[in-house]
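Asks: My structure is in run-v5.txt, and what it holds is compact mmCIF, C-alpha atoms:
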# COMPACT_ATOMS: atom_id res chain seq x y z
CA THR A 1293 143.07 79.20 59.37
CA LEU A 1294 140.42 77.15 57.61
CA GLU A 1295 140.67 76.21 53.96
CA PHE A 1296 137.72 75.41 51.71
CA VAL A 1297 138.94 74.16 48.35
CA GLY A 1298 137.29 72.28 45.56
CA SER A 1299 134.03 71.78 43.76
CA VAL A 1300 131.05 69.66 44.66
CA GLN A 1301 132.39 66.98 42.35
CA MET A 1302 135.73 66.82 44.09
CA CYS A 1303 134.10 66.58 47.51
CA ILE A 1304 131.93 63.69 46.36
CA ARG A 1305 134.85 61.97 44.70
CA ASP A 1306 136.93 62.17 47.83
CA SER A 1307 134.02 61.01 49.99
CA ILE A 1308 134.20 64.09 52.16
CA ILE A 1309 130.61 65.11 52.60
CA LEU A 1310 130.50 68.88 52.92
CA VAL A 1311 127.42 70.92 53.50
CA LEU A 1312 126.78 72.57 50.14
CA LEU A 1313 123.17 73.57 50.63
CA LEU A 1314 122.67 77.29 50.51
CA VAL A 1315 119.17 77.44 51.98
CA PRO A 1316 118.71 76.34 55.60
CA PHE A 1317 116.15 73.66 56.37
CA ALA A 1318 112.97 74.43 58.25
CA VAL A 1319 113.12 73.84 61.97
CA LYS A 1320 111.37 70.49 61.56
CA ALA A 1321 113.33 67.61 60.06
CA GLU A 1322 111.87 65.69 57.15
CA ASP A 1323 111.45 62.51 59.16
CA GLY A 1324 109.42 64.26 61.86
CA GLU A 1325 112.22 64.04 64.42
CA PRO A 1326 113.54 67.20 66.08
CA PRO A 1327 116.25 68.85 63.98
CA MET A 1328 119.73 67.92 65.13
CA ILE A 1329 123.02 69.81 65.17
CA ALA A 1330 126.47 69.11 66.59
CA PHE A 1331 128.68 71.71 68.24
CA THR A 1332 132.35 70.86 67.84
CA PHE A 1333 135.38 72.57 69.36
CA ASP A 1334 138.96 72.51 68.11
CA ASP A 1335 142.44 73.27 69.49
CA GLY A 1336 141.83 72.60 73.19
CA PRO A 1337 141.89 71.84 75.93
CA ASN A 1338 142.32 75.30 77.43
CA ALA A 1339 142.64 75.35 81.20
CA VAL A 1340 140.32 78.35 81.57
CA GLN A 1341 137.97 78.45 78.60
CA THR A 1342 137.33 74.72 78.21
CA SER A 1343 136.42 74.57 81.87
CA ARG A 1344 133.93 77.43 81.37
CA LEU A 1345 132.48 75.67 78.35
CA LEU A 1346 132.06 72.37 80.18
CA ASP A 1347 130.28 74.18 83.01
CA GLY A 1348 127.92 75.78 80.48
CA LEU A 1349 127.25 72.49 78.74
CA GLN A 1350 126.52 70.81 82.06
CA GLU A 1351 124.06 73.54 83.02
CA ARG A 1352 122.21 73.02 79.73
CA GLY A 1353 122.36 69.24 79.69
CA ALA A 1354 124.10 69.54 76.31
CA LYS A 1355 126.84 67.43 74.75
CA ALA A 1356 129.64 68.48 72.41
CA THR A 1357 132.57 67.03 70.50
CA PHE A 1358 136.10 68.18 71.31
CA PHE A 1359 138.94 67.76 68.81
CA VAL A 1360 142.00 68.04 71.03
CA VAL A 1361 145.67 68.77 70.36
CA GLY A 1362 147.95 66.06 71.71
CA GLU A 1363 150.88 68.17 72.85
CA LYS A 1364 148.60 69.99 75.29
CA LEU A 1365 148.13 66.66 77.07
CA ASP A 1366 151.75 65.52 77.04
CA TYR A 1367 153.98 66.03 80.08
CA ALA A 1368 156.98 65.66 77.76
CA SER A 1369 155.95 68.77 75.79
CA ASP A 1370 156.71 72.38 76.71
CA LYS A 1371 153.02 73.33 76.82
CA PRO A 1372 151.62 74.90 80.01
CA ASN A 1373 148.84 73.50 82.20
CA VAL A 1374 149.24 69.89 81.06
CA ALA A 1375 147.89 68.47 84.34
CA GLU A 1376 144.85 70.74 84.16
CA ASN A 1377 144.28 69.86 80.51
CA ARG A 1378 144.42 66.14 81.23
CA ALA A 1379 141.91 66.61 84.04
CA LEU A 1380 139.62 68.42 81.58
CA LEU A 1381 139.86 65.48 79.21
CA GLU A 1382 138.87 63.13 82.01
CA ARG A 1383 135.92 65.40 82.76
CA MET A 1384 134.85 65.44 79.09
CA ALA A 1385 134.76 61.66 79.04
CA ARG A 1386 133.04 61.42 82.42
CA GLU A 1387 130.30 63.85 81.38
CA GLY A 1388 129.56 62.07 78.11
CA HIS A 1389 131.21 64.30 75.53
CA GLU A 1390 132.98 62.98 72.42
CA ILE A 1391 136.75 63.40 72.18
CA GLY A 1392 138.41 63.47 68.77
CA ASN A 1393 141.94 63.69 67.38
CA HIS A 1394 143.19 67.09 66.11
CA THR A 1395 146.83 65.99 65.65
CA TYR A 1396 149.68 66.30 68.13
CA SER A 1397 151.12 69.69 67.16
CA HIS A 1398 148.23 71.23 65.17
CA CYS A 1399 150.12 70.85 61.92
CA TRP A 1400 148.68 70.70 58.42
CA LEU A 1401 148.94 67.00 57.66
CA SER A 1402 148.94 67.53 53.91
CA LYS A 1403 152.17 69.54 54.20
CA ILE A 1404 154.26 66.91 55.96
CA SER A 1405 155.31 63.37 55.09
CA ARG A 1406 152.98 60.42 55.58
CA GLU A 1407 155.32 59.07 58.25
CA LYS A 1408 155.18 62.29 60.26
CA ALA A 1409 151.43 62.56 59.74
CA ALA A 1410 150.94 59.02 61.02
CA LEU A 1411 152.97 59.88 64.12
CA GLU A 1412 150.91 63.05 64.71
CA LEU A 1413 147.74 60.96 64.79
CA SER A 1414 149.02 57.89 66.63
CA LYS A 1415 150.74 59.89 69.37
CA THR A 1416 147.57 61.85 70.04
CA ASN A 1417 145.47 58.69 70.09
CA GLU A 1418 147.84 57.15 72.62
CA LEU A 1419 147.57 60.17 74.92
CA ILE A 1420 143.78 60.24 74.71
CA ARG A 1421 143.60 56.50 75.37
CA GLU A 1422 146.01 56.83 78.30
CA ILE A 1423 143.83 59.50 79.91
CA THR A 1424 140.32 58.30 79.09
CA GLY A 1425 140.72 54.60 78.38
CA SER A 1426 139.13 55.02 74.93
CA THR A 1427 140.51 55.49 71.43
CA PRO A 1428 139.00 58.35 69.39
CA LYS A 1429 136.46 57.49 66.71
CA TYR A 1430 136.87 60.78 64.88
CA MET A 1431 139.65 62.96 63.50
CA ARG A 1432 139.53 66.54 62.26
CA PRO A 1433 142.62 67.67 60.33
CA PRO A 1434 143.74 71.23 61.05
CA GLY A 1435 142.71 73.50 58.20
CA GLY A 1436 140.64 70.77 56.58
CA SER A 1437 143.76 69.33 54.95
CA ALA A 1438 141.94 66.10 54.12
CA LEU A 1439 139.98 68.07 51.54
CA THR A 1440 143.04 68.74 49.41
CA ALA A 1441 144.92 65.54 50.26
CA PRO A 1442 142.62 62.48 50.33
CA TRP A 1443 145.49 60.30 51.60
CA VAL A 1444 145.13 62.09 54.96
CA ARG A 1445 141.67 60.62 55.38
CA GLU A 1446 142.94 57.19 54.36
CA LEU A 1447 145.81 57.45 56.83
CA ALA A 1448 143.45 58.32 59.67
CA ALA A 1449 141.26 55.23 59.17
CA PRO A 1450 139.56 53.63 61.01
CA MET A 1451 138.90 57.04 62.52
CA ILE A 1452 136.23 58.97 60.62
CA THR A 1453 137.40 62.29 59.20
CA VAL A 1454 135.02 65.08 60.20
CA CYS A 1455 134.95 68.51 58.59
CA TRP A 1456 132.41 71.24 59.31
CA GLY A 1457 129.32 72.97 58.03
CA TYR A 1458 128.92 75.41 55.19
CA TYR A 1459 129.09 78.62 57.24
CA ASP A 1460 132.26 79.49 59.15
CA THR A 1461 132.21 81.80 62.17
CA ARG A 1462 135.97 82.42 61.76
CA ASP A 1463 136.06 82.72 65.53
CA TRP A 1464 139.84 82.46 65.49
CA GLU A 1465 139.96 86.01 64.10
CA CYS A 1466 136.53 87.44 64.96
CA ARG A 1467 135.84 88.58 68.52
CA ASN A 1468 132.33 89.94 67.92
CA VAL A 1469 130.03 87.61 69.85
CA ASP A 1470 126.82 89.12 68.47
CA GLN A 1471 128.04 88.68 64.92
CA MET A 1472 129.12 85.08 65.46
CA VAL A 1473 125.88 84.13 67.21
CA ARG A 1474 123.94 85.64 64.32
CA THR A 1475 126.04 83.70 61.79
CA ILE A 1476 125.28 80.43 63.56
CA VAL A 1477 121.59 80.96 64.31
CA GLU A 1478 120.63 82.40 60.93
CA ASN A 1479 122.44 79.75 58.88
CA THR A 1480 122.21 76.53 60.86
CA PHE A 1481 120.02 73.71 59.54
CA ASP A 1482 119.17 70.14 60.45
CA GLY A 1483 122.27 67.96 60.39
CA ASP A 1484 124.76 70.82 60.60
CA ILE A 1485 128.16 70.56 62.28
CA ILE A 1486 129.26 73.83 63.87
CA LEU A 1487 132.96 74.57 64.29
CA LEU A 1488 134.28 76.77 67.08
CA HIS A 1489 137.46 76.85 69.18
CA ASP A 1490 137.41 76.42 72.95
CA ASN A 1491 140.52 78.50 73.58
CA TYR A 1492 138.80 81.90 73.18
CA GLU A 1493 136.48 83.52 75.70
CA THR A 1494 134.38 85.00 72.89
CA SER A 1495 133.97 81.59 71.27
CA VAL A 1496 132.68 80.04 74.47
CA ASP A 1497 130.27 82.95 74.95
CA THR A 1498 129.14 82.54 71.34
CA ALA A 1499 128.59 78.80 71.69
CA LEU A 1500 126.48 79.03 74.83
CA ARG A 1501 124.32 81.87 73.54
CA ALA A 1502 123.78 80.13 70.21
CA MET A 1503 122.87 76.88 71.97
CA ASP A 1504 120.20 78.64 74.01
CA LEU A 1505 118.68 80.27 70.94
CA LEU A 1506 118.75 77.11 68.84
CA ALA A 1507 117.28 75.04 71.65
CA ARG A 1508 114.35 77.44 71.80
CA GLN A 1509 113.88 76.88 68.06
CA GLY A 1510 113.55 73.15 68.69
CA TYR A 1511 117.03 71.92 67.82
CA ARG A 1512 118.52 68.92 69.58
CA LEU A 1513 122.21 69.30 70.42
CA SER A 1514 123.80 66.03 69.42
CA LEU A 1515 127.15 64.37 69.48
CA ILE A 1516 128.56 63.28 66.16
CA HIS A 1517 127.29 59.73 65.72
CA ILE A 1518 128.45 57.38 62.98
CA SER A 1519 125.10 55.62 63.36
CA GLU A 1520 123.40 58.75 62.00
CA PRO A 1521 125.61 59.76 59.05
CA THR A 1522 122.73 61.05 56.96
CA ARG A 1523 121.68 63.50 59.67
CA LEU A 1524 125.11 65.01 60.26
CA ARG A 1525 126.35 65.91 56.84
CA CYS A 1526 130.05 66.68 57.33
CA ILE A 1527 131.21 63.14 58.09
CA SER A 1528 133.39 61.44 55.53
With the file now loaded, output its structure as structure tokens.

Replies:
Amino acid sequence: TLEFVGSVQMCIRDSIILVLLLVPFAVKAEDGEPPMIAFTFDDGPNAVQTSRLLDGLQERGAKATFFVVGEKLDYASDKPNVAENRALLERMAREGHEIGNHTYSHCWLSKISREKAALELSKTNELIREITGSTPKYMRPPGGSALTAPWVRELAAPMITVCWGYYDTRDWECRNVDQMVRTIVENTFDGDIILLHDNYETSVDTALRAMDLLARQGYRLSLIHISEPTRLRCIS
């Protein structure tokens, strides 16, 4: 479940840059460059659906950012398909996708102690580094807990805390692909960060259909890049 709490002033104060613009931009960015959006996926890897998504991204020459859950990569956990999930992470890295930290057990960091929160992040970073050879640059807290607890963002540093765009597909409860595609395509604007989950078949179908439609409108599908913070507006 996603939580959106607080006013514009609180978001600015906490340095979490949320998309608070109600009217989408035109399909041409102000600087003349093609408009840019980032598709991001939480809660994976999923042995079936993440593989489907990666196939679809490869067919389209598109890149995405995956915020992964550490216990799904840990042989010491009781989660299924760990070997397959680790292989998917290797494939993500090999094919040029960004891999971010989504905690070890998908817990709300603001509801546990700082010590436990630090372990959730560090353990996941260690697993990602073990598999890919790289340490994540980005972290997305489950439920957006960094919005209500700024210390979460501080604890995650030097990782950049990434939230999401103004419109929420709520794909974790909605299974209507047409409705979710419409929500994305009608409300996306230059610099948006789209949140979906790669553990649902309907979410993968939604993502690929929306990508095709947005590409035809002239959007460039981008990774989240710290070098372009003014173009992707949900980076802290």

Asks: Sort by chain and increasing residue number a table of all residues of segment 1412-1508 of chain A within 12 Å of segment 1386-1389 of chain A, each with its closest pair of atoms and their distance in Å to one decimal, counting all atoms listed in the file, and write it as JSON lines.

Replies:
{"residue": "A:Ile1423", "atom": "CA", "partner": "A:Arg1386", "partner_atom": "CA", "distance": 11.2}
{"residue": "A:Thr1424", "atom": "CA", "partner": "A:Arg1386", "partner_atom": "CA", "distance": 8.6}
{"residue": "A:Gly1425", "atom": "CA", "partner": "A:Arg1386", "partner_atom": "CA", "distance": 11.0}
{"residue": "A:Ser1426", "atom": "CA", "partner": "A:Arg1386", "partner_atom": "CA", "distance": 11.6}
{"residue": "A:Pro1428", "atom": "CA", "partner": "A:His1389", "partner_atom": "CA", "distance": 11.6}

Asks: Point out the residue among A:Pro1450, A:Gly1348, A:Gly1510, A:Gly1336 with the least atom-to-atom distance to His1398 of chain A, counting all atoms listed in the file.

Replies: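 Distance minimum relative to His1398 of chain A lands on A:Gly1336.
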
Asks: Write out as a PyMOL selection string the residues lying within 8 Å of Glu1363 of chain A, counting all atoms listed in the file and excluding same-chain residues fewer than 6 positions away.

Replies: chain A and resi 1369+1371+1396-1397+1416

Asks: Report, in Å with one decimal, the straight-line distance from atom CA of Pro1372 of chain A to atom CA of Asp1334 of chain A.

Replies: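 Between atom CA of Pro1372 of chain A and atom CA of Asp1334 of chain A the gap works out to 17.5 Å.
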
Asks: For the atom pair atom CA of Tyr1459 of chain A and atom CA of Leu1505 of chain A, what is the interatomic distance in Å to one decimal place?

Replies: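 For atom CA of Tyr1459 of chain A relative to atom CA of Leu1505 of chain A, the distance reads 17.3 Å.
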
Asks: Calculated over only C-alpha atoms, which of the candidates A:Cys1466, A:Met1328, A:Trp1443, A:Met1431 has the smallest distance to Tyr1511 of chain A?

Replies: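 Of the candidates, the smallest distance to Tyr1511 of chain A is held by A:Met1328.
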
Asks: Would you please work out which residue, of A:Leu1447, A:Arg1432, A:Cys1455, A:Gln1471, is nearest to Glu1407 of chain A when using all atoms listed in the file?

Replies: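 Checking each of A:Leu1447, A:Arg1432, A:Cys1455, A:Gln1471 against Glu1407 of chain A, counting all atoms listed in the file, the winner is A:Leu1447.
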
Asks: Looking at only C-alpha atoms, which of A:Arg1378, A:Lys1403, A:Arg1421, A:Arg1474 is the one that sits closest to Gly1436 of chain A?

Replies: A:Lys1403

Asks: Identify the residues around (137.3, 62.7, 64.8) within a radius of 8 Å, measuring from only C-alpha atoms in the coordinates stated by the file, and give them as a list in words.

Replies: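 Within 8 Å of (137.3, 62.7, 64.8), the protein and nucleic acid residues are Phe1359, Ile1391, Gly1392, Asn1393, His1394, Pro1428, Lys1429, Tyr1430, Met1431, Arg1432, Met1451, Ile1452, Thr1453 and Val1454 of chain A.
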
Asks: Take atom CA of Tyr1492 of chain A and atom CA of Thr1475 of chain A and report the distance between them in Å, one decimal.

Replies: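 Between these atoms lies a distance of 17.2 Å.
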
Asks: Determine the nearest neighbour of Ser1343 of chain A from the options A:Ala1379, A:Glu1418, A:Arg1445, A:Leu1487, counting only C-alpha atoms.

Replies: A:Ala1379

Asks: Of the residues A:Thr1342, A:Gln1509, A:Asp1347, A:Asp1335, which is the one nearest to Cys1399 of chain A, using all atoms listed in the file?

Replies: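 Comparing A:Thr1342, A:Gln1509, A:Asp1347, A:Asp1335 against Cys1399 of chain A, the winner is A:Asp1335.
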
Asks: Taking all atoms of segment 1495-1504 of chain A that the file lists and extending 5 Å past them on each side, where is the centre of the axis-aligned box and how long are its edges? Answer in Å to one decimal, as JSON.

Replies:
{"center_x": 127.1, "center_y": 79.9, "center_z": 72.6, "size_x": 23.8, "size_y": 16.1, "size_z": 14.7}

Asks: Provide segment 1363-1411 of chain A of the preceding structure as a file containing N, CA and C atoms, as a PDB file, in the first residue's frame.

Replies:
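See result-v9.pdb below for the written result:
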ATOM      1  N   GLU A1363      15.328 -10.260   0.470  1.00  0.00           N
ATOM      2  CA  GLU A1363      15.115 -11.640   0.875  1.00  0.00           C
ATOM      3  C   GLU A1363      14.808 -12.549  -0.312  1.00  0.00           C
ATOM      4  N   LYS A1364      14.352 -11.985  -1.411  1.00  0.00           N
ATOM      5  CA  LYS A1364      14.092 -12.788  -2.599  1.00  0.00           C
ATOM      6  C   LYS A1364      15.377 -13.205  -3.309  1.00  0.00           C
ATOM      7  N   LEU A1365      16.495 -12.652  -2.850  1.00  0.00           N
ATOM      8  CA  LEU A1365      17.804 -12.948  -3.448  1.00  0.00           C
ATOM      9  C   LEU A1365      18.699 -13.741  -2.509  1.00  0.00           C
ATOM     10  N   ASP A1366      18.191 -14.067  -1.333  1.00  0.00           N
ATOM     11  CA  ASP A1366      19.013 -14.612  -0.258  1.00  0.00           C
ATOM     12  C   ASP A1366      18.734 -16.104  -0.087  1.00  0.00           C
ATOM     13  N   TYR A1367      19.764 -16.925  -0.305  1.00  0.00           N
ATOM     14  CA  TYR A1367      19.612 -18.365  -0.120  1.00  0.00           C
ATOM     15  C   TYR A1367      19.258 -18.721   1.323  1.00  0.00           C
ATOM     16  N   ALA A1368      19.609 -17.854   2.267  1.00  0.00           N
ATOM     17  CA  ALA A1368      19.319 -18.120   3.671  1.00  0.00           C
ATOM     18  C   ALA A1368      17.865 -17.836   4.038  1.00  0.00           C
ATOM     19  N   SER A1369      17.107 -17.225   3.136  1.00  0.00           N
ATOM     20  CA  SER A1369      15.701 -16.925   3.414  1.00  0.00           C
ATOM     21  C   SER A1369      14.842 -18.128   3.047  1.00  0.00           C
ATOM     22  N   ASP A1370      13.555 -18.033   3.357  1.00  0.00           N
ATOM     23  CA  ASP A1370      12.623 -19.106   3.007  1.00  0.00           C
ATOM     24  C   ASP A1370      11.843 -18.799   1.734  1.00  0.00           C
ATOM     25  N   LYS A1371      12.315 -17.815   0.970  1.00  0.00           N
ATOM     26  CA  LYS A1371      11.613 -17.417  -0.254  1.00  0.00           C
ATOM     27  C   LYS A1371      11.896 -18.399  -1.392  1.00  0.00           C
ATOM     28  N   PRO A1372      10.892 -18.643  -2.253  1.00  0.00           N
ATOM     29  CA  PRO A1372      11.108 -19.570  -3.372  1.00  0.00           C
ATOM     30  C   PRO A1372      11.893 -18.919  -4.510  1.00  0.00           C
ATOM     31  N   ASN A1373      12.430 -19.755  -5.376  1.00  0.00           N
ATOM     32  CA  ASN A1373      13.031 -19.324  -6.646  1.00  0.00           C
ATOM     33  C   ASN A1373      14.207 -18.365  -6.470  1.00  0.00           C
ATOM     34  N   VAL A1374      14.974 -18.535  -5.403  1.00  0.00           N
ATOM     35  CA  VAL A1374      16.089 -17.611  -5.161  1.00  0.00           C
ATOM     36  C   VAL A1374      17.111 -17.678  -6.288  1.00  0.00           C
ATOM     37  N   ALA A1375      17.455 -18.867  -6.750  1.00  0.00           N
ATOM     38  CA  ALA A1375      18.445 -18.993  -7.827  1.00  0.00           C
ATOM     39  C   ALA A1375      17.960 -18.291  -9.089  1.00  0.00           C
ATOM     40  N   GLU A1376      16.678 -18.479  -9.417  1.00  0.00           N
ATOM     41  CA  GLU A1376      16.114 -17.820 -10.597  1.00  0.00           C
ATOM     42  C   GLU A1376      16.107 -16.308 -10.418  1.00  0.00           C
ATOM     43  N   ASN A1377      15.781 -15.847  -9.221  1.00  0.00           N
ATOM     44  CA  ASN A1377      15.747 -14.409  -8.970  1.00  0.00           C
ATOM     45  C   ASN A1377      17.129 -13.785  -9.078  1.00  0.00           C
ATOM     46  N   ARG A1378      18.127 -14.489  -8.582  1.00  0.00           N
ATOM     47  CA  ARG A1378      19.496 -13.969  -8.683  1.00  0.00           C
ATOM     48  C   ARG A1378      19.940 -13.909 -10.149  1.00  0.00           C
ATOM     49  N   ALA A1379      19.534 -14.903 -10.919  1.00  0.00           N
ATOM     50  CA  ALA A1379      19.866 -14.887 -12.347  1.00  0.00           C
ATOM     51  C   ALA A1379      19.176 -13.714 -13.045  1.00  0.00           C
ATOM     52  N   LEU A1380      17.961 -13.379 -12.623  1.00  0.00           N
ATOM     53  CA  LEU A1380      17.266 -12.227 -13.195  1.00  0.00           C
ATOM     54  C   LEU A1380      17.999 -10.931 -12.859  1.00  0.00           C
ATOM     55  N   LEU A1381      18.529 -10.847 -11.650  1.00  0.00           N
ATOM     56  CA  LEU A1381      19.286  -9.652 -11.281  1.00  0.00           C
ATOM     57  C   LEU A1381      20.537  -9.518 -12.143  1.00  0.00           C
ATOM     58  N   GLU A1382      21.212 -10.627 -12.377  1.00  0.00           N
ATOM     59  CA  GLU A1382      22.376 -10.604 -13.260  1.00  0.00           C
ATOM     60  C   GLU A1382      21.975 -10.137 -14.655  1.00  0.00           C
ATOM     61  N   ARG A1383      20.820 -10.610 -15.119  1.00  0.00           N
ATOM     62  CA  ARG A1383      20.352 -10.204 -16.446  1.00  0.00           C
ATOM     63  C   ARG A1383      20.024  -8.713 -16.473  1.00  0.00           C
ATOM     64  N   MET A1384      19.361  -8.204 -15.430  1.00  0.00           N
ATOM     65  CA  MET A1384      19.078  -6.764 -15.368  1.00  0.00           C
ATOM     66  C   MET A1384      20.355  -5.956 -15.543  1.00  0.00           C
ATOM     67  N   ALA A1385      21.365  -6.312 -14.787  1.00  0.00           N
ATOM     68  CA  ALA A1385      22.632  -5.576 -14.845  1.00  0.00           C
ATOM     69  C   ALA A1385      23.275  -5.712 -16.219  1.00  0.00           C
ATOM     70  N   ARG A1386      23.257  -6.916 -16.758  1.00  0.00           N
ATOM     71  CA  ARG A1386      23.891  -7.173 -18.057  1.00  0.00           C
ATOM     72  C   ARG A1386      23.217  -6.394 -19.171  1.00  0.00           C
ATOM     73  N   GLU A1387      21.901  -6.217 -19.074  1.00  0.00           N
ATOM     74  CA  GLU A1387      21.151  -5.546 -20.134  1.00  0.00           C
ATOM     75  C   GLU A1387      20.988  -4.051 -19.905  1.00  0.00           C
ATOM     76  N   GLY A1388      21.655  -3.524 -18.883  1.00  0.00           N
ATOM     77  CA  GLY A1388      21.735  -2.078 -18.721  1.00  0.00           C
ATOM     78  C   GLY A1388      20.630  -1.430 -17.930  1.00  0.00           C
ATOM     79  N   HIS A1389      19.894  -2.195 -17.138  1.00  0.00           N
ATOM     80  CA  HIS A1389      18.856  -1.633 -16.293  1.00  0.00           C
ATOM     81  C   HIS A1389      19.450  -1.188 -14.954  1.00  0.00           C
ATOM     82  N   GLU A1390      18.752  -0.289 -14.287  1.00  0.00           N
ATOM     83  CA  GLU A1390      19.170   0.182 -12.963  1.00  0.00           C
ATOM     84  C   GLU A1390      18.547  -0.717 -11.898  1.00  0.00           C
ATOM     85  N   ILE A1391      19.333  -1.020 -10.867  1.00  0.00           N
ATOM     86  CA  ILE A1391      18.845  -1.852  -9.765  1.00  0.00           C
ATOM     87  C   ILE A1391      18.925  -1.040  -8.484  1.00  0.00           C
ATOM     88  N   GLY A1392      17.801  -0.913  -7.792  1.00  0.00           N
ATOM     89  CA  GLY A1392      17.739  -0.145  -6.563  1.00  0.00           C
ATOM     90  C   GLY A1392      17.342  -0.996  -5.377  1.00  0.00           C
ATOM     91  N   ASN A1393      17.472  -0.424  -4.196  1.00  0.00           N
ATOM     92  CA  ASN A1393      17.213  -1.100  -2.922  1.00  0.00           C
ATOM     93  C   ASN A1393      15.771  -0.838  -2.490  1.00  0.00           C
ATOM     94  N   HIS A1394      15.024  -1.914  -2.199  1.00  0.00           N
ATOM     95  CA  HIS A1394      13.645  -1.788  -1.713  1.00  0.00           C
ATOM     96  C   HIS A1394      13.482  -2.496  -0.364  1.00  0.00           C
ATOM     97  N   THR A1395      14.553  -2.503   0.406  1.00  0.00           N
ATOM     98  CA  THR A1395      14.676  -3.149   1.721  1.00  0.00           C
ATOM     99  C   THR A1395      14.783  -4.661   1.589  1.00  0.00           C
ATOM    100  N   TYR A1396      15.123  -5.293   2.692  1.00  0.00           N
ATOM    101  CA  TYR A1396      15.306  -6.752   2.701  1.00  0.00           C
ATOM    102  C   TYR A1396      13.982  -7.489   2.794  1.00  0.00           C
ATOM    103  N   SER A1397      13.081  -7.037   3.664  1.00  0.00           N
ATOM    104  CA  SER A1397      11.839  -7.780   3.909  1.00  0.00           C
ATOM    105  C   SER A1397      10.593  -7.006   3.524  1.00  0.00           C
ATOM    106  N   HIS A1398      10.744  -5.929   2.766  1.00  0.00           N
ATOM    107  CA  HIS A1398       9.628  -5.079   2.357  1.00  0.00           C
ATOM    108  C   HIS A1398       8.881  -4.522   3.568  1.00  0.00           C
ATOM    109  N   CYS A1399       9.625  -4.059   4.529  1.00  0.00           N
ATOM    110  CA  CYS A1399       9.006  -3.492   5.724  1.00  0.00           C
ATOM    111  C   CYS A1399       8.941  -1.972   5.601  1.00  0.00           C
ATOM    112  N   TRP A1400       8.047  -1.378   6.372  1.00  0.00           N
ATOM    113  CA  TRP A1400       7.954   0.085   6.439  1.00  0.00           C
ATOM    114  C   TRP A1400       9.043   0.581   7.380  1.00  0.00           C
ATOM    115  N   LEU A1401      10.041   1.213   6.827  1.00  0.00           N
ATOM    116  CA  LEU A1401      11.210   1.598   7.615  1.00  0.00           C
ATOM    117  C   LEU A1401      10.862   2.556   8.743  1.00  0.00           C
ATOM    118  N   SER A1402       9.850   3.378   8.536  1.00  0.00           N
ATOM    119  CA  SER A1402       9.493   4.361   9.555  1.00  0.00           C
ATOM    120  C   SER A1402       8.839   3.724  10.779  1.00  0.00           C
ATOM    121  N   LYS A1403       8.503   2.433  10.680  1.00  0.00           N
ATOM    122  CA  LYS A1403       7.820   1.755  11.783  1.00  0.00           C
ATOM    123  C   LYS A1403       8.726   0.804  12.551  1.00  0.00           C
ATOM    124  N   ILE A1404      10.004   0.810  12.223  1.00  0.00           N
ATOM    125  CA  ILE A1404      10.959  -0.014  12.963  1.00  0.00           C
ATOM    126  C   ILE A1404      12.090   0.881  13.462  1.00  0.00           C
ATOM    127  N   SER A1405      12.970   0.315  14.265  1.00  0.00           N
ATOM    128  CA  SER A1405      14.063   1.102  14.829  1.00  0.00           C
ATOM    129  C   SER A1405      15.072   1.468  13.750  1.00  0.00           C
ATOM    130  N   ARG A1406      15.865   2.482  14.022  1.00  0.00           N
ATOM    131  CA  ARG A1406      16.917   2.879  13.078  1.00  0.00           C
ATOM    132  C   ARG A1406      17.901   1.746  12.844  1.00  0.00           C
ATOM    133  N   GLU A1407      18.208   0.995  13.901  1.00  0.00           N
ATOM    134  CA  GLU A1407      19.155  -0.106  13.781  1.00  0.00           C
ATOM    135  C   GLU A1407      18.625  -1.181  12.826  1.00  0.00           C
ATOM    136  N   LYS A1408      17.349  -1.532  12.985  1.00  0.00           N
ATOM    137  CA  LYS A1408      16.756  -2.528  12.100  1.00  0.00           C
ATOM    138  C   LYS A1408      16.630  -1.989  10.676  1.00  0.00           C
ATOM    139  N   ALA A1409      16.300  -0.716  10.551  1.00  0.00           N
ATOM    140  CA  ALA A1409      16.183  -0.109   9.229  1.00  0.00           C
ATOM    141  C   ALA A1409      17.535  -0.118   8.513  1.00  0.00           C
ATOM    142  N   ALA A1410      18.579   0.205   9.251  1.00  0.00           N
ATOM    143  CA  ALA A1410      19.923   0.195   8.664  1.00  0.00           C
ATOM    144  C   ALA A1410      20.289  -1.203   8.179  1.00  0.00           C
ATOM    145  N   LEU A1411      19.910  -2.223   8.946  1.00  0.00           N
ATOM    146  CA  LEU A1411      20.196  -3.602   8.550  1.00  0.00           C
ATOM    147  C   LEU A1411      19.397  -3.988   7.312  1.00  0.00           C
TER     148      LEU A1411
END
